[in-house]
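**Student:** Just one file: data-v4.cif, with mmCIF, C-alpha atoms and all ligand atoms.
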```cif
data_work
loop_
_atom_site.label_atom_id
_atom_site.label_comp_id
_atom_site.auth_asym_id
_atom_site.auth_seq_id
_atom_site.Cartn_x
_atom_site.Cartn_y
_atom_site.Cartn_z
CA MET A 267 0.00 0.00 0.00
CA GLN A 268 1.14 3.53 -0.79
CA LYS A 269 0.34 6.46 1.46
CA LEU A 270 0.43 10.12 0.42
CA ARG A 271 -0.23 13.25 2.39
CA VAL A 272 -2.10 16.26 1.04
CA ASP A 273 -0.59 19.16 2.89
CA LEU A 274 -3.25 21.75 3.74
CA GLY A 275 -2.53 22.75 7.34
CA ASP A 276 -5.31 21.63 9.66
CA ARG A 277 -7.23 20.31 6.65
CA SER A 278 -4.43 17.91 5.63
CA TYR A 279 -5.36 14.34 4.82
CA SER A 280 -3.98 11.04 3.61
CA ILE A 281 -4.52 9.18 0.38
CA LEU A 282 -4.20 5.40 0.66
CA ILE A 283 -3.61 3.51 -2.59
CA GLY A 284 -3.38 -0.24 -3.02
CA ARG A 285 -5.02 -3.53 -3.81
CA ASN A 286 -7.91 -4.95 -1.82
CA LEU A 287 -8.22 -1.88 0.43
CA LEU A 288 -12.01 -1.70 0.56
CA PRO A 289 -12.21 -4.20 3.45
CA GLU A 290 -9.95 -1.80 5.40
CA LEU A 291 -12.42 1.10 5.15
CA GLY A 292 -13.91 0.58 8.61
CA GLY A 293 -10.52 0.32 10.29
CA ALA A 294 -9.34 3.47 8.53
CA ALA A 295 -12.52 5.35 9.55
CA GLU A 296 -12.09 4.32 13.20
CA LYS A 297 -9.08 6.61 13.49
CA PHE A 298 -11.30 9.68 13.25
CA GLU A 299 -13.61 10.84 15.99
CA PHE A 300 -16.83 10.25 14.13
CA SER A 301 -19.96 9.48 16.07
CA GLY A 302 -21.45 6.04 15.47
CA LYS A 303 -23.33 6.88 12.27
CA ILE A 304 -22.04 6.95 8.74
CA GLY A 305 -24.01 7.78 5.61
CA LEU A 306 -22.73 5.62 2.75
CA VAL A 307 -23.57 7.39 -0.52
CA SER A 308 -23.41 5.41 -3.76
CA ASN A 309 -25.35 4.56 -6.91
CA PRO A 310 -26.96 1.21 -7.79
CA THR A 311 -24.19 0.22 -10.26
CA VAL A 312 -21.35 0.66 -7.79
CA PHE A 313 -23.32 -0.37 -4.73
CA LYS A 314 -24.16 -3.73 -6.28
CA LEU A 315 -20.46 -4.39 -6.85
CA TYR A 316 -18.86 -2.92 -3.73
CA GLY A 317 -21.60 -1.83 -1.33
CA ALA A 318 -21.61 -4.99 0.77
CA THR A 319 -17.83 -4.95 1.27
CA ALA A 320 -17.77 -1.24 2.15
CA ALA A 321 -20.79 -1.39 4.47
CA GLY A 322 -19.63 -4.68 6.01
CA SER A 323 -16.25 -3.22 6.84
CA LEU A 324 -17.80 -0.14 8.49
CA ILE A 325 -20.26 -2.27 10.47
CA LYS A 326 -17.44 -4.54 11.64
CA SER A 327 -15.72 -1.47 13.02
CA GLY A 328 -18.81 -0.61 15.03
CA PHE A 329 -20.45 2.01 12.81
CA GLU A 330 -24.13 2.16 12.07
CA VAL A 331 -24.46 2.54 8.30
CA GLU A 332 -27.22 4.46 6.53
CA GLU A 333 -27.18 3.54 2.84
CA ILE A 334 -28.03 6.48 0.61
CA ILE A 335 -28.41 5.45 -3.02
CA ILE A 336 -28.94 7.96 -5.80
CA PRO A 337 -29.51 6.95 -9.45
CA ASP A 338 -26.51 6.52 -11.73
CA GLY A 339 -25.70 9.36 -14.11
CA GLU A 340 -24.37 12.88 -14.45
CA GLU A 341 -27.95 14.18 -14.66
CA TYR A 342 -28.39 13.16 -11.03
CA LYS A 343 -25.54 15.42 -9.91
CA SER A 344 -28.27 17.88 -9.08
CA LEU A 345 -29.85 19.91 -6.31
CA ALA A 346 -32.79 17.47 -6.39
CA SER A 347 -30.40 14.63 -5.43
CA MET A 348 -28.91 16.83 -2.71
CA GLU A 349 -32.36 17.17 -1.15
CA LYS A 350 -32.76 13.40 -1.14
CA ILE A 351 -29.41 13.00 0.57
CA TYR A 352 -30.23 15.64 3.21
CA GLU A 353 -33.58 14.01 3.84
CA ALA A 354 -32.03 10.57 4.31
CA MET A 355 -29.43 12.07 6.65
CA LEU A 356 -32.02 13.90 8.73
CA ARG A 357 -34.32 10.88 8.95
CA ALA A 358 -31.40 8.70 10.07
CA LYS A 359 -30.50 11.43 12.60
CA LEU A 360 -26.95 11.92 11.41
CA ASP A 361 -25.43 14.59 13.61
CA ARG A 362 -22.55 17.02 13.41
CA ARG A 363 -20.01 14.34 14.21
CA SER A 364 -21.39 11.83 11.73
CA ALA A 365 -19.56 11.36 8.46
CA LEU A 366 -20.40 10.58 4.87
CA VAL A 367 -18.56 8.09 2.70
CA ALA A 368 -18.62 8.59 -1.09
CA LEU A 369 -18.47 5.21 -2.83
CA GLY A 370 -18.40 5.72 -6.60
CA GLY A 371 -17.02 7.84 -9.40
CA GLY A 372 -16.69 11.60 -9.70
CA VAL A 373 -20.43 12.16 -9.69
CA ILE A 374 -20.91 10.47 -6.31
CA GLY A 375 -17.72 12.08 -4.95
CA ASP A 376 -18.72 15.61 -5.95
CA ILE A 377 -22.27 15.39 -4.66
CA THR A 378 -21.34 13.64 -1.42
CA GLY A 379 -18.62 16.19 -0.71
CA PHE A 380 -21.05 19.03 -1.30
CA ALA A 381 -23.68 17.42 0.94
CA ALA A 382 -21.00 17.02 3.64
CA SER A 383 -19.92 20.66 3.24
CA THR A 384 -23.41 21.96 3.96
CA TYR A 385 -25.11 19.43 6.26
CA MET A 386 -25.29 21.07 9.69
CA ARG A 387 -22.78 23.64 8.38
CA GLY A 388 -20.23 21.02 7.47
CA ILE A 389 -19.40 17.47 8.49
CA ASP A 390 -16.56 15.10 7.62
CA PHE A 391 -16.45 12.85 4.61
CA ILE A 392 -14.29 10.11 3.12
CA GLN A 393 -13.72 9.59 -0.59
CA VAL A 394 -13.67 6.02 -1.90
CA PRO A 395 -13.32 6.63 -5.64
CA THR A 396 -14.05 3.67 -7.91
CA THR A 397 -13.34 5.16 -11.36
CA LEU A 398 -9.88 6.02 -12.60
CA LEU A 399 -10.97 9.63 -13.07
CA GLY A 400 -12.15 9.67 -9.46
CA GLN A 401 -8.92 8.11 -8.25
CA VAL A 402 -6.52 10.43 -10.06
CA ASP A 403 -8.51 13.63 -10.15
CA SER A 404 -11.92 14.33 -8.64
CA SER A 405 -11.41 12.77 -5.19
CA VAL A 406 -8.32 14.87 -4.47
CA GLY A 407 -8.35 18.63 -4.03
CA GLY A 408 -11.65 19.43 -2.36
CA LYS A 409 -13.76 20.75 -5.20
CA THR A 410 -17.32 19.57 -4.58
CA GLY A 411 -20.62 20.50 -6.12
CA VAL A 412 -23.54 19.85 -8.41
CA ASN A 413 -24.75 20.97 -11.80
CA HIS A 414 -27.42 23.57 -12.45
CA PRO A 415 -29.61 23.47 -15.58
CA LEU A 416 -27.78 26.64 -16.65
CA GLY A 417 -24.26 25.30 -16.16
CA LYS A 418 -22.13 22.37 -15.07
CA ASN A 419 -20.52 22.47 -11.61
CA MET A 420 -21.97 25.93 -11.00
CA ILE A 421 -23.08 25.28 -7.42
CA GLY A 422 -20.50 23.99 -4.99
CA ALA A 423 -17.91 24.49 -2.30
CA PHE A 424 -14.31 23.79 -1.48
CA TRP A 425 -14.51 21.02 1.13
CA GLN A 426 -11.63 18.67 1.73
CA PRO A 427 -12.18 15.00 2.64
CA ARG A 428 -10.62 13.53 5.80
CA LEU A 429 -9.30 10.55 3.87
CA VAL A 430 -9.14 9.19 0.33
CA LEU A 431 -9.09 5.40 0.08
CA ILE A 432 -8.26 4.04 -3.36
CA ASP A 433 -8.72 0.33 -3.94
CA ILE A 434 -7.27 -0.26 -7.40
CA ASP A 435 -9.02 -3.63 -7.65
CA THR A 436 -12.27 -1.74 -8.25
CA LEU A 437 -10.94 -0.80 -11.69
CA ALA A 438 -11.36 -4.41 -12.83
CA THR A 439 -15.10 -3.86 -13.30
CA LEU A 440 -14.88 -0.37 -14.78
CA PRO A 441 -15.91 -0.24 -18.46
CA LYS A 442 -12.79 0.05 -20.63
CA ARG A 443 -13.92 3.33 -22.18
CA GLU A 444 -14.28 4.91 -18.73
CA PHE A 445 -10.83 3.64 -17.81
CA LEU A 446 -9.22 5.15 -20.91
CA SER A 447 -11.05 8.40 -20.31
CA GLY A 448 -9.43 8.62 -16.87
CA LEU A 449 -6.03 8.11 -18.45
CA ALA A 450 -6.40 11.42 -20.27
CA GLU A 451 -6.09 13.21 -16.92
CA VAL A 452 -3.06 11.03 -16.13
CA ILE A 453 -1.36 12.09 -19.37
CA LYS A 454 -2.22 15.67 -18.42
CA TYR A 455 -0.13 15.40 -15.23
CA GLY A 456 2.86 14.26 -17.26
CA VAL A 457 2.58 17.18 -19.66
CA ILE A 458 2.03 19.90 -17.06
CA TRP A 459 4.47 18.73 -14.40
CA ASP A 460 6.74 15.77 -14.94
CA GLU A 461 8.52 14.62 -18.07
CA GLY A 462 9.80 11.51 -16.23
CA PHE A 463 6.21 10.48 -15.56
CA PHE A 464 5.33 11.14 -19.21
CA GLU A 465 8.15 8.77 -20.17
CA PHE A 466 6.90 6.21 -17.66
CA LEU A 467 3.55 6.33 -19.45
CA GLU A 468 5.24 5.95 -22.83
CA ASP A 469 7.28 2.95 -21.71
CA GLY A 470 4.63 1.37 -19.47
CA LYS A 471 1.72 1.42 -21.88
CA ASP A 472 1.22 -2.34 -22.05
CA ALA A 473 1.40 -2.79 -18.29
CA VAL A 474 -1.01 0.09 -17.64
CA LEU A 475 -3.50 -1.04 -20.28
CA GLY A 476 -3.19 -4.60 -18.98
CA LEU A 477 -4.20 -3.33 -15.49
CA ASP A 478 -0.93 -4.53 -13.99
CA GLY A 479 -1.15 -3.83 -10.25
CA GLU A 480 2.26 -2.29 -9.85
CA ALA A 481 1.98 -0.07 -12.90
CA LEU A 482 -1.51 1.09 -11.93
CA THR A 483 -0.46 1.87 -8.39
CA GLU A 484 2.39 3.99 -9.72
CA VAL A 485 0.13 5.77 -12.22
CA ILE A 486 -2.38 6.64 -9.51
CA ARG A 487 0.24 7.46 -6.86
CA ARG A 488 2.15 9.89 -9.04
CA SER A 489 -1.04 11.49 -10.40
CA CYS A 490 -2.38 12.09 -6.89
CA GLU A 491 1.02 13.36 -5.78
CA ILE A 492 1.13 15.94 -8.57
CA LYS A 493 -2.44 17.04 -7.99
CA ALA A 494 -1.83 17.25 -4.23
CA GLU A 495 1.32 19.31 -4.79
CA VAL A 496 -0.49 21.79 -7.03
CA VAL A 497 -3.53 22.01 -4.75
CA SER A 498 -1.47 22.49 -1.60
CA ARG A 499 0.29 25.45 -3.22
CA ASP A 500 -2.96 27.01 -4.43
CA GLU A 501 -6.04 25.46 -2.82
CA ARG A 502 -8.58 27.97 -4.15
CA GLU A 503 -7.26 28.48 -7.65
CA ALA A 504 -5.79 31.94 -7.25
CA GLY A 505 -3.17 31.07 -9.87
CA LEU A 506 -1.16 27.88 -10.17
CA ARG A 507 -4.10 25.47 -9.74
CA ALA A 508 -5.37 26.62 -13.14
CA ILE A 509 -2.66 24.50 -14.79
CA LEU A 510 -4.81 21.46 -13.96
CA ASN A 511 -7.14 22.82 -16.65
CA PHE A 512 -4.64 22.00 -19.39
CA GLY A 513 -6.68 20.66 -22.30
CA HIS A 514 -9.90 21.72 -20.63
CA THR A 515 -10.65 25.06 -22.32
CA ILE A 516 -11.00 23.34 -25.68
CA GLY A 517 -12.20 20.10 -24.05
CA HIS A 518 -15.13 21.83 -22.34
CA ALA A 519 -16.03 23.60 -25.57
CA ILE A 520 -16.10 20.22 -27.36
CA GLU A 521 -18.33 18.78 -24.63
CA THR A 522 -20.67 21.78 -24.92
CA VAL A 523 -21.05 21.76 -28.71
CA THR A 524 -21.58 17.99 -28.75
CA GLY A 525 -24.19 18.26 -25.99
CA TYR A 526 -22.17 16.08 -23.55
CA LYS A 527 -23.20 13.03 -25.58
CA LYS A 528 -20.50 12.17 -28.08
CA TYR A 529 -17.47 12.18 -25.79
CA LEU A 530 -16.67 11.20 -22.24
CA HIS A 531 -14.94 13.99 -20.35
CA GLY A 532 -11.46 12.51 -20.69
CA GLU A 533 -11.93 11.96 -24.42
CA ALA A 534 -12.81 15.63 -24.91
CA VAL A 535 -9.84 16.60 -22.74
CA ALA A 536 -7.55 14.38 -24.84
CA ILE A 537 -8.57 16.28 -27.98
CA GLY A 538 -8.26 19.53 -26.03
CA MET A 539 -4.70 18.64 -24.95
CA TYR A 540 -3.61 17.94 -28.50
CA TYR A 541 -4.99 21.25 -29.77
CA ALA A 542 -3.59 23.18 -26.80
CA ALA A 543 -0.20 21.72 -27.73
CA ARG A 544 -0.86 22.74 -31.35
CA LEU A 545 -1.73 26.25 -30.21
CA ALA A 546 1.49 26.43 -28.20
CA ASN A 547 3.32 25.44 -31.38
CA VAL A 548 1.47 28.05 -33.46
CA LEU A 549 2.56 30.65 -30.90
CA GLY A 550 6.17 29.47 -31.11
CA LEU A 551 6.25 28.11 -27.54
CA LEU A 552 6.47 24.38 -28.19
CA GLN A 553 8.48 22.40 -30.70
CA GLU A 554 6.74 20.30 -33.33
CA ARG A 555 8.52 17.20 -32.01
CA GLU A 556 6.91 17.68 -28.61
CA VAL A 557 3.45 18.16 -30.14
CA SER A 558 3.90 14.83 -31.94
CA ARG A 559 5.01 13.10 -28.76
CA ILE A 560 1.95 14.34 -26.88
CA ARG A 561 -0.33 13.23 -29.69
CA ALA A 562 1.36 9.84 -29.93
CA LEU A 563 0.85 9.17 -26.22
CA ILE A 564 -2.82 10.18 -26.40
CA MET A 565 -3.28 7.78 -29.31
CA ALA A 566 -1.28 4.99 -27.66
CA TYR A 567 -3.85 4.99 -24.87
CA GLY A 568 -6.71 4.62 -27.30
CA LEU A 569 -7.94 8.17 -26.90
CA PRO A 570 -9.09 10.52 -29.66
CA SER A 571 -6.78 13.40 -30.50
CA GLU A 572 -8.48 15.07 -33.41
CA LEU A 573 -11.62 17.08 -33.85
CA PRO A 574 -14.17 15.10 -35.86
CA PRO A 575 -15.28 16.44 -39.23
CA GLY A 576 -18.05 18.95 -38.83
CA ILE A 577 -16.77 20.58 -35.67
CA GLU A 578 -14.92 23.74 -36.54
CA ALA A 579 -13.26 26.62 -34.75
CA THR A 580 -16.33 28.77 -35.47
CA ASP A 581 -18.40 26.39 -33.32
CA LEU A 582 -15.84 26.02 -30.57
CA ILE A 583 -14.59 29.55 -29.92
CA PRO A 584 -17.97 30.93 -28.73
CA ALA A 585 -18.35 27.88 -26.46
CA MET A 586 -14.92 28.62 -24.98
CA GLU A 587 -15.97 32.11 -24.07
CA LEU A 588 -18.74 30.62 -21.95
CA ASP A 589 -16.20 28.67 -19.90
CA LYS A 590 -16.51 29.82 -16.28
CA LYS A 591 -12.74 29.85 -15.98
CA THR A 592 -12.63 32.70 -18.50
CA VAL A 593 -11.85 35.80 -16.49
CA SER A 594 -13.39 39.07 -17.73
CA GLY A 595 -13.74 38.21 -21.38
CA THR A 596 -10.19 37.14 -22.24
CA LEU A 597 -9.42 33.58 -23.20
CA LYS A 598 -7.02 31.87 -20.84
CA PHE A 599 -5.03 28.90 -22.04
CA ILE A 600 -2.65 26.53 -20.32
CA LEU A 601 0.11 25.99 -22.86
CA PRO A 602 3.05 23.61 -22.70
CA GLU A 603 6.52 25.02 -23.28
CA LYS A 604 7.95 21.53 -23.16
CA ILE A 605 6.75 18.21 -21.84
CA GLY A 606 6.71 18.70 -18.07
CA ALA A 607 6.19 22.48 -17.98
CA VAL A 608 3.27 24.72 -18.87
CA ARG A 609 2.45 28.39 -18.61
CA ILE A 610 -0.78 30.28 -18.24
CA GLU A 611 -1.42 32.57 -21.21
CA LYS A 612 -4.13 35.21 -21.31
CA GLY A 613 -5.43 37.27 -24.17
CA ILE A 614 -4.79 34.72 -26.93
CA LYS A 615 -5.96 36.00 -30.30
CA PRO A 616 -8.92 34.13 -31.84
CA GLU A 617 -7.06 33.87 -35.16
CA ASP A 618 -4.28 31.88 -33.51
CA ILE A 619 -6.87 29.56 -31.97
CA ARG A 620 -8.52 29.20 -35.37
CA LYS A 621 -5.19 28.34 -36.92
CA ALA A 622 -4.44 25.69 -34.31
CA LEU A 623 -7.92 24.16 -34.57
CA SER A 624 -7.65 23.86 -38.34
CA PHE A 625 -4.97 21.12 -38.07
CA ARG A 626 -6.17 17.73 -39.25
CA GLY A 627 -4.34 14.51 -40.01
CA VAL A 628 -0.82 15.63 -39.15
N1 LIG B 701 -14.14 17.61 -8.03
C1 LIG B 701 -13.24 17.64 -8.98
O1 LIG B 701 -12.15 18.18 -8.83
C2 LIG B 701 -13.56 16.97 -10.29
C3 LIG B 701 -12.55 16.75 -11.22
C4 LIG B 701 -12.85 16.08 -12.40
C5 LIG B 701 -14.15 15.65 -12.63
N2 LIG B 701 -15.12 15.89 -11.70
C6 LIG B 701 -16.51 15.42 -11.92
O2 LIG B 701 -16.50 14.00 -11.97
C7 LIG B 701 -17.63 13.56 -12.70
C8 LIG B 701 -17.20 12.45 -13.64
O3 LIG B 701 -16.71 11.38 -12.88
P1 LIG B 701 -16.52 9.92 -13.48
O4 LIG B 701 -15.84 10.01 -14.77
O5 LIG B 701 -15.96 9.10 -12.40
O6 LIG B 701 -18.03 9.50 -13.85
P2 LIG B 701 -19.17 8.73 -13.02
O7 LIG B 701 -19.11 9.02 -11.59
O8 LIG B 701 -20.45 9.04 -13.73
O9 LIG B 701 -18.79 7.20 -13.27
C9 LIG B 701 -18.80 6.69 -14.57
C10 LIG B 701 -19.63 5.41 -14.67
O10 LIG B 701 -18.89 4.33 -14.10
C11 LIG B 701 -19.68 3.62 -13.15
N3 LIG B 701 -18.74 3.06 -12.19
C12 LIG B 701 -18.05 3.71 -11.23
N4 LIG B 701 -17.15 2.90 -10.67
C13 LIG B 701 -17.29 1.69 -11.25
C14 LIG B 701 -16.62 0.46 -11.11
N5 LIG B 701 -15.59 0.31 -10.27
N6 LIG B 701 -17.02 -0.59 -11.87
C15 LIG B 701 -18.03 -0.43 -12.77
N7 LIG B 701 -18.66 0.74 -12.99
C16 LIG B 701 -18.29 1.78 -12.23
C17 LIG B 701 -20.61 4.67 -12.62
O11 LIG B 701 -21.75 4.11 -12.02
C18 LIG B 701 -20.93 5.45 -13.90
O12 LIG B 701 -21.92 4.80 -14.63
C19 LIG B 701 -18.18 14.79 -13.42
O13 LIG B 701 -19.38 15.17 -12.80
C20 LIG B 701 -17.10 15.83 -13.22
O14 LIG B 701 -17.63 17.15 -13.16
C21 LIG B 701 -14.84 16.53 -10.54
ZN ZN B 702 -10.92 16.96 -16.27
#
```
Output the file's structure as structure tokens, nothing else.
**Tutor:**
Amino acid sequence: MQKLRVDLGDRSYSILIGRNLLPELGGAAEKFEFSGKIGLVSNPTVFKLYGATAAGSLIKSGFEVEEIIIPDGEEYKSLASMEKIYEAMLRAKLDRRSALVALGGGVIGDITGFAASTYMRGIDFIQVPTTLLGQVDSSVGGKTGVNHPLGKNMIGAFWQPRLVLIDIDTLATLPKREFLSGLAEVIKYGVIWDEGFFEFLEDGKDAVLGLDGEALTEVIRRSCEIKAEVVSRDEREAGLRAILNFGHTIGHAIETVTGYKKYLHGEAVAIGMYYAARLANVLGLLQEREVSRIRALIMAYGLPSELPPGIEATDLIPAMELDKKTVSGTLKFILPEKIGAVRIEKGIKPEDIRKALSFRGV
């Protein structure tokens, strides 16, 4: 088992990563001063697979478990689901020293964290992410929230978990496409922060795609370590944390114009990363060779890198301007200068974006 620390003063917490960790959940939770009751939040898909092990472990450690199941799907990351969670918590008489456990992917993690941040003005919660995206990204860093019909992730709070427990064995049941989508965020960490890790991903492709335990543990460990490092330097995204949005300005625009149907998040981010690298090249910041290397790694992991026919810069640029991370009308991009280092660029000219987005088949 690997153990990492997210360093945030009195809100610091550990991330445990390893095989067959779910049965240890109760023992890990015992170390905190929770009262006897725990709300276990999940969805039917994940609960059927892992609910009994998670609940059983908590019960064995003396907790009373209230199972709170919300339907599976991004559309349930909503205020309506929040109300259901609050109601279940109130009926079960969870108090200020009770805790929530999020058992599931990013949807369950985000909504459970937000419920924890607001129930009785804030209670503790534990993240048990079961998707690769959850394990390398959404469970670490304390961004929680729900969607509003007028915008994704528009309602939320910064609320750090007390513990993140990552059982890599849960990835065995994750649909392959979801797994690959999570790898886009992993590739992102290599590009923004660590060329050595990028090389590890180049060399270790077969082991990672074959779900080799050691390779997966290293992928998740290093990803969490990089995210934790960035978040502990800039918890509330005053500056540096924005680098985690590499590939996301274009990626979000792709998700918007395709109505969140054609691509999974990581797939859109993969395309976004390639075109952000292209843009950096257009602006003279990044060598062609490095653009090709980034694209090759994206493709090696079975992810899309190119815009499909029919989606053009004229569709995407307006969608980018709607990105909430756009500050006062200027477009902000995270652009690589080399593999392992990025910079934040504001005020990029639309014609340069158009030029970058026009690349196909190279
Ligand atoms: N808080 C953050 O910092 C942050 C960062 C990135 C993404 N997010 C959010 O995360 C969400 C996406 O998360 P996601 O990609 O994990 O999607 P998800 O939570 O919808 O999970 C994807 C699918 O996999 C299923 N599943 C989960 N674990 C499984 C397992 N082990 N075996 C089989 N099936 C399993 C789920 O039921 C679901 O159908 C979005 O709402 C996004 O906004 C948050
Ligand atoms: Zn992302």
**Student:** Please compute the CA of Arg544 in chain A-CA of Ala622 in chain A distance, one decimal, in Å.
**Tutor:**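 Rounded to one decimal, the two atoms are 5.5 Å apart.
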**Student:** Would you work out the distance separating CA of Leu416 in chain A from CA of Lys493 in chain A, expressed in Å to one decimal?
**Tutor:**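 Interatomic distance, CA of Leu416 in chain A to CA of Lys493 in chain A: 28.4 Å.
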**Student:** If you take every atom of ligand LIG 701 (chain B) that the file lists and fit an axis-aligned box around them with 6 Å extra on each side, what centre and edge lengths come out in Å to one decimal, as AutoDock Vina command-line options?
**Tutor:**
```
--center_x -17.0 --center_y 8.8 --center_z -11.4 --size_x 21.8 --size_y 30.8 --size_z 18.7
```
**Student:** Could you please determine the separation between CA of Leu530 in chain A and atom O1 of ligand LIG 701 (chain B) in Å, to one decimal place?
**Tutor:**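 Calculated distance between CA of Leu530 in chain A and atom O1 of ligand LIG 701 (chain B) is 15.8 Å.
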**Student:** Using all atoms listed in the file for the distances, tell me which of A:Phe380, A:Arg609, A:His531, A:Ile619 is nearest to Gly505 in chain A.
**Tutor:**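 The answer is A:Arg609, which sits nearest to Gly505 in chain A.
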**Student:** In terms of the shortest atom-to-atom distance over all atoms listed in the file, which of A:Gly372, A:Gly613, A:Gly479, A:Pro427 is closest to ligand LIG 701 (chain B)?
**Tutor:** A:Gly372
**Student:** What are the closest atom pairs, with distances in Å to one decimal, for each residue of chain A lying within 10 Å of ligand ZN 702 (chain B), using only C-alpha atoms and all ligand atoms, rows by chain and rising residue number, as a tab-separated table?
**Tutor:**
```
residue	atom	partner	partner_atom	distance
A:Leu399	CA	B:ZN702	ZN	8.0
A:Asp403	CA	B:ZN702	ZN	7.4
A:Ser404	CA	B:ZN702	ZN	8.1
A:Ser447	CA	B:ZN702	ZN	9.5
A:Gly448	CA	B:ZN702	ZN	8.5
A:Ala450	CA	B:ZN702	ZN	8.2
A:Glu451	CA	B:ZN702	ZN	6.1
A:Val452	CA	B:ZN702	ZN	9.8
A:Lys454	CA	B:ZN702	ZN	9.1
A:Leu510	CA	B:ZN702	ZN	7.9
A:Asn511	CA	B:ZN702	ZN	7.0
A:Phe512	CA	B:ZN702	ZN	8.6
A:Gly513	CA	B:ZN702	ZN	8.2
A:His514	CA	B:ZN702	ZN	6.5
A:Gly517	CA	B:ZN702	ZN	8.5
A:His518	CA	B:ZN702	ZN	8.8
A:His531	CA	B:ZN702	ZN	6.5
A:Gly532	CA	B:ZN702	ZN	6.3
A:Glu533	CA	B:ZN702	ZN	9.6
A:Ala534	CA	B:ZN702	ZN	8.9
A:Val535	CA	B:ZN702	ZN	6.6
A:Ala536	CA	B:ZN702	ZN	9.6
```
**Student:** Put those residues in a file: C-alpha atoms, as a tab-separated table (two decimals), in the coordinates of the input.
**Tutor:**
```tsv
chain	number	residue	atom	x	y	z
A	399	LEU	CA	-10.97	9.63	-13.07
A	403	ASP	CA	-8.51	13.63	-10.15
A	404	SER	CA	-11.92	14.33	-8.64
A	447	SER	CA	-11.05	8.40	-20.31
A	448	GLY	CA	-9.43	8.62	-16.87
A	450	ALA	CA	-6.40	11.42	-20.27
A	451	GLU	CA	-6.09	13.21	-16.92
A	452	VAL	CA	-3.06	11.03	-16.13
A	454	LYS	CA	-2.22	15.67	-18.42
A	510	LEU	CA	-4.81	21.46	-13.96
A	511	ASN	CA	-7.14	22.82	-16.65
A	512	PHE	CA	-4.64	22.00	-19.39
A	513	GLY	CA	-6.68	20.66	-22.30
A	514	HIS	CA	-9.90	21.72	-20.63
A	517	GLY	CA	-12.20	20.10	-24.05
A	518	HIS	CA	-15.13	21.83	-22.34
A	531	HIS	CA	-14.94	13.99	-20.35
A	532	GLY	CA	-11.46	12.51	-20.69
A	533	GLU	CA	-11.93	11.96	-24.42
A	534	ALA	CA	-12.81	15.63	-24.91
A	535	VAL	CA	-9.84	16.60	-22.74
A	536	ALA	CA	-7.55	14.38	-24.84
```
**Student:** Could you check the closest approach to ligand LIG 701 (chain B) for each of A:Lys442, A:Arg277, A:Lys269, A:Lys359 and tell me which residue wins, using all atoms listed in the file?
**Tutor:** A:Lys442
**Student:** Just want the residues within 7 Å of ligand LIG 701 (chain B), written as a short mmCIF file (atom, residue, chain, number, x, y, z; two decimals) with C-alpha atoms, in the frame of the given file, counting only C-alpha atoms and all ligand atoms.
**Tutor:**
```cif
data_model
loop_
_atom_site.label_atom_id
_atom_site.label_comp_id
_atom_site.auth_asym_id
_atom_site.auth_seq_id
_atom_site.Cartn_x
_atom_site.Cartn_y
_atom_site.Cartn_z
CA ASN A 309 -25.35 4.56 -6.91
CA THR A 311 -24.19 0.22 -10.26
CA VAL A 312 -21.35 0.66 -7.79
CA ASP A 338 -26.51 6.52 -11.73
CA GLY A 339 -25.70 9.36 -14.11
CA GLU A 340 -24.37 12.88 -14.45
CA LYS A 343 -25.54 15.42 -9.91
CA GLY A 370 -18.40 5.72 -6.60
CA GLY A 371 -17.02 7.84 -9.40
CA GLY A 372 -16.69 11.60 -9.70
CA VAL A 373 -20.43 12.16 -9.69
CA ILE A 374 -20.91 10.47 -6.31
CA ASP A 376 -18.72 15.61 -5.95
CA THR A 396 -14.05 3.67 -7.91
CA THR A 397 -13.34 5.16 -11.36
CA LEU A 398 -9.88 6.02 -12.60
CA LEU A 399 -10.97 9.63 -13.07
CA GLY A 400 -12.15 9.67 -9.46
CA ASP A 403 -8.51 13.63 -10.15
CA SER A 404 -11.92 14.33 -8.64
CA SER A 405 -11.41 12.77 -5.19
CA VAL A 406 -8.32 14.87 -4.47
CA GLY A 407 -8.35 18.63 -4.03
CA GLY A 408 -11.65 19.43 -2.36
CA LYS A 409 -13.76 20.75 -5.20
CA THR A 410 -17.32 19.57 -4.58
CA ASN A 419 -20.52 22.47 -11.61
CA THR A 436 -12.27 -1.74 -8.25
CA LEU A 437 -10.94 -0.80 -11.69
CA ALA A 438 -11.36 -4.41 -12.83
CA THR A 439 -15.10 -3.86 -13.30
CA LEU A 440 -14.88 -0.37 -14.78
CA PRO A 441 -15.91 -0.24 -18.46
CA GLU A 444 -14.28 4.91 -18.73
CA GLY A 448 -9.43 8.62 -16.87
CA HIS A 531 -14.94 13.99 -20.35
#
```
**Student:** My list of candidates is A:Arg487, A:Lys471, A:Arg443, A:Arg428. Which is closest to Ala368 in chain A when distances are computed with only C-alpha atoms?
**Tutor:**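 Using only C-alpha atoms, Ala368 in chain A sits closest to A:Arg428.
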**Student:** Of the residues A:Glu503, A:Asp618, A:Asp361, A:Glu495, which is the one nearest to Tyr541 in chain A, using all atoms listed in the file?
**Tutor:**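 Under the stated criterion, the closest residue is A:Asp618.
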**Student:** Excluding Gly411 in chain A and residues on its chain fewer than 5 positions from it, collect all residues at most 10 Å away from it, counting all atoms listed in the file, and give them as a PyMOL selection string.
**Tutor:** chain A and resi 343-345+348+373+375-381+383+418-425
**Student:** For the point (3.6, 24.8, -20.7) in file coordinates, what residues are within 10 Å, counting all atoms listed in the file? Give the answer as a list in words?
**Tutor:** Val457, Ile458, Trp459, Ile509, Phe512, Ala542, Ala543, Ala546, Leu551, Leu552, Phe599, Ile600, Leu601, Pro602, Glu603, Lys604, Ile605, Gly606, Ala607, Val608, Arg609, Ile610 and Glu611 of chain A
